[in-house]
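Structure, as structure tokens:
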Amino acid sequence: MAGVDILATAFNGANAAFIAELYAKWVENPASVDPSFADLFTSLNDESRAVLTDASGASWAPRHWAFGEPEPSRPSARPSAAPGFTAEQLRAAARDSLHALMLIRTYRVRGHLEAKLDPLGLQVPKPHPELDPITHGFSEADMDRPVFIDNVLGLDTATPRQILHILRESYCGPIGVEFMHIQDPDQKAWIQRRVEGAPWRTAASAKTKRAILQQLTEAEGLEAFCQKRFVTTKRFGLEGAEVTIPALHAIIETAAKAGVKEIAIGMPHRGRLNTLVNVVRKPYTALFSEFEGSSFKPDDVQGSGDVKYHLGTSTDVEIAGQMVHLSLQPNPSHLEAVDPVVVGKVRGRQDMEGDTRARRSVMALLMHGDAAFAGQGLVYETLAMSQLIGYRTGGTVHVVVNNQIGFTTIPAHAFSGLYCTDVAKSIQAPILHVNGDNPEAVVWCAQMAAEFRQEFATDVVLDIVCYRRHGHNETDEPAFTQPIMYRAIKAMKTTRTLYAERLVEQRVVTADEVRAMWDGFARTLEDAYQAAQAYKPNKAHWLEGNWAGLTTPGGTEAEWTEDKTEIGLDTLHKVGAALARAPENFDLNPKIARQLEAKEKMFEAGDGIDWATGEALAFCT
């Protein structure tokens with residue numbers, strides 16, 4: 001341990017300041033320091049110099065030298081080494097400590113590049129040379145030598161091997177954190193304290209784990225039930241991204257405990273039905289009634305209906321002993337169009353509450369698809385206004401349901417940046433990337449995102465990397481355009497199944513309890529389905545609260561007439577033959593071939609023309 005003591009003493013707080021001051025003097029005048037230190041400073045790269053620059057204070061601030069100001073008349077004066085040690089000993093200790101600090105800083109900046117984020121295992125991160133200890137001067141022979149790091153990572157001294165283990169657990173596991181682009185040192189320090197040491201691995205109690213499993217059961221159970229009962233109905237299900245539901249629960253609960261009284265949610269169509277019933281608590285009976293064809297509006301309300309995956313609802317829930325109002329805004333199929341609507345609503349609600357300074361009482365929670373977050377200008381426009389005096393709302397929590405595919409396009413062909421969330425760096429928002437098949441990591445990140453918003457009143461992004469089990473909707477065949485991805489998806493167990501197996505291994509639950517949890521929820525859905533046959537909404541609940549007294553305008557709807565658009569049988573056969581004929585020497589997918597054969601028979605018979613074929617005929621004729 002004598003070597004550790006020497007290093008610790010040679011590079012303790014005072015001597016660290018001494019080294020930093022020497023570096024600052026060297027920057028101003030290389031001849032003003034001992035040649036051995038001049039050689040050390042000359043060999044440093046940009047990362048090492050950044051560490052020393054930070055230690056010596058801000059570049060714009062006056063320097064206060066612990067060992068006295070250099071005399072103006074003697075600019076070449078060379079400070080001596082710290083008492084009791086030779087310059088060579090101090091130089092060696094400084095080199096080891098600087099290299100260790102440089103390694104730590106590099107992992108904070110680039111560790112996310114080697115994080116294991118893809119649950120499908122198709123995107124395997126390549127080794128990054130700057131994350132290799134050899135790049136920072138540590139060979140295999142050096143890996144077990146103690147190095148003084150002055151309580152960075154919570155340790156006074158550590159071997160490079162220990163340091164590397166902590167860094168990889170913190171930054172290269174199922175969580176990848178981007179935060180070193182943030183200029184606010186308090187925000188960076190806050191994130192470092194929470195991330196380093198990978199506390200998420202031991203954060204979840206047995207009770208929390210069981211709650212996560214229940215939420216995953218409800219998320220997957222609803223999708224499985226709808227797939228069985230409403231086979232041909234589009235619902236843009238959450239299969240492959242079921243962990244979104246526990247994440248939303250975690251955000252809402254954390255925000256409520258921190259004093260948030262109202263949360264406005266905006267989202268596209270993917271997973272909306274699951275969010276409606278399992279988060280915002282729309283009755284299962286009401287949802288199934290709409291699936292059966294009933295209107296979601298009572299008879300006394302005029303206006304045309306909308307498809308189920310565009311609808312919204314609101315409710316009051318009790319969390320941590322206080323009532324919290326949740327509202328999911330309706331949103332048409334323009335993906336991010338709802339973003340500024342939600343943020344504007346939150347601003348207005350805060351003003352009504354008198355919360356015009358802190359702006360913490362009402363929170364916006366925006367959900368996004370990965371392709372839309374990267375591709376729609378509306379996202380950046382909303383982000384760009386987030387901190388303006390007239391528009392700020394105390395920060396928005398953004399949740400990206402990252403299916404790794406936009407309609408049919410993989411990320412490599414969808415955007416130019418490294419991540420779909422790169423646009424959020426424009427406002428210095430921290431970005432938490434997390435593997436969607438690790439529910440505990442997802443929930444921990446969700447809690448951290450809500451805490452960050454409450455602490456700093458700024459936007460934060462949670463990027464849940466998952467997949468889409470079916471096509472763009474349940475009637476699409478995704479293997480036509482992404483055969484490799486969907487071959488991997490077909491072989492994947494569901495997130496709930498994997499997590500249940502893990503909890504059984506940990507003896508948190510038994511296999512019988514897992515089965516009973518699934519069967520019990522299935523019975524709940526079946527009972528709701530039976531009750532839906534006679535269900536009828538009896539009030540316009542969206543015209544309550546602040547909307548009470550609002551009435552719809554009178555008058556009759558405009559009448560319309562249908563123009564005749566029929567075509568002759570000869571034309572139908574001619575166009576139909578062209579539409580059903582594949583090009584010569586074309587390797588046709590067998591499923592497509594069967595579809596074309598069915599179309600050919602349809603044209604020959606002259607009936608059973610579906611809507612899509614009717615549109616094609618309209619264009620062709």
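Chain labels A, B, ... are given in the sequence in which chains occur in the structure tokens; within each chain residues are numbered consecutively from 1, and ligands are likewise numbered from 1 in the order shown.
Near Asn331 in chain A, within 10 Å and counting only C-alpha atoms, sit Gly266, Met267, Pro268, His269, Arg272, Asp306, Tyr309, His310, Leu311, Gly312, Leu335, Glu336, Ala337, Val338, Asp339 and Val341 of chain A; same-chain residues fewer than 4 positions away were not included.
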(request) Please give the complete set of residues from range 407-451 of chain A that DSSP, run on the backbone, assigns to strand (DSSP E or B), formatted as a PyMOL selection string. (result) chain A and resi 409+431-435
Mind dumping the selected residues with N, CA, C and O atoms as a PDB file, in the first residue's frame?
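For reference, part_11.pdb as written:
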ATOM      1  N   THR A 409     -38.857   2.040 -43.204  1.00  0.00           N
ATOM      2  CA  THR A 409     -37.480   2.510 -43.368  1.00  0.00           C
ATOM      3  C   THR A 409     -36.665   2.353 -42.101  1.00  0.00           C
ATOM      4  O   THR A 409     -37.064   2.816 -41.034  1.00  0.00           O
ATOM      5  N   ILE A 431     -30.285  13.304 -22.962  1.00  0.00           N
ATOM      6  CA  ILE A 431     -30.959  12.235 -23.693  1.00  0.00           C
ATOM      7  C   ILE A 431     -30.575  10.906 -23.056  1.00  0.00           C
ATOM      8  O   ILE A 431     -29.393  10.560 -22.968  1.00  0.00           O
ATOM      9  N   LEU A 432     -31.571  10.160 -22.613  1.00  0.00           N
ATOM     10  CA  LEU A 432     -31.362   8.858 -21.996  1.00  0.00           C
ATOM     11  C   LEU A 432     -31.812   7.779 -22.978  1.00  0.00           C
ATOM     12  O   LEU A 432     -32.999   7.631 -23.240  1.00  0.00           O
ATOM     13  N   HIS A 433     -30.863   7.054 -23.558  1.00  0.00           N
ATOM     14  CA  HIS A 433     -31.178   5.930 -24.433  1.00  0.00           C
ATOM     15  C   HIS A 433     -31.227   4.666 -23.575  1.00  0.00           C
ATOM     16  O   HIS A 433     -30.352   4.444 -22.738  1.00  0.00           O
ATOM     17  N   VAL A 434     -32.227   3.820 -23.779  1.00  0.00           N
ATOM     18  CA  VAL A 434     -32.335   2.634 -22.934  1.00  0.00           C
ATOM     19  C   VAL A 434     -32.924   1.469 -23.719  1.00  0.00           C
ATOM     20  O   VAL A 434     -33.800   1.646 -24.574  1.00  0.00           O
ATOM     21  N   ASN A 435     -32.413   0.281 -23.445  1.00  0.00           N
ATOM     22  CA  ASN A 435     -32.864  -0.950 -24.091  1.00  0.00           C
ATOM     23  C   ASN A 435     -34.257  -1.311 -23.583  1.00  0.00           C
ATOM     24  O   ASN A 435     -34.468  -1.522 -22.387  1.00  0.00           O
TER      25      ASN A 435
END
Per-residue nearest contacts range 237-286 of chain A to range 497-521 of chain A, cut-off 12 Å, using only C-alpha atoms, as CSV:
residue,atom,partner,partner_atom,distance
A:Gly240,CA,A:Thr497,CA,11.6
A:Glu242,CA,A:Thr497,CA,11.3
A:Val243,CA,A:Tyr499,CA,10.4
A:Asn278,CA,A:Phe521,CA,11.9
A:Tyr284,CA,A:Phe521,CA,11.5
Take the residues from that selection and put them in a file with C-alpha atoms, as a PDB file, in the first residue's frame.
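As written to disk, result.pdb reads:
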ATOM      1  CA  GLY A 240     -42.631  -4.894 -29.000  1.00  0.00           C
ATOM      2  CA  GLU A 242     -45.020  -2.717 -24.114  1.00  0.00           C
ATOM      3  CA  VAL A 243     -42.435  -1.364 -21.668  1.00  0.00           C
ATOM      4  CA  ASN A 278     -53.855   1.350 -18.999  1.00  0.00           C
ATOM      5  CA  TYR A 284     -62.117  -1.302 -21.158  1.00  0.00           C
TER       6      TYR A 284
END
(request) Rank nothing, just name the residue among A:Gly176, A:Gly321, A:Pro340, A:Pro332 nearest to Met385 in chain A, using only C-alpha atoms. (result)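 Smallest distance to Met385 in chain A is found for A:Pro340.
If only C-alpha atoms are the atoms counted, then among A:Gly369, A:Gln454, A:Glu353, A:Ile191 the closest residue to Gly259 in chain A is A:Gln454.
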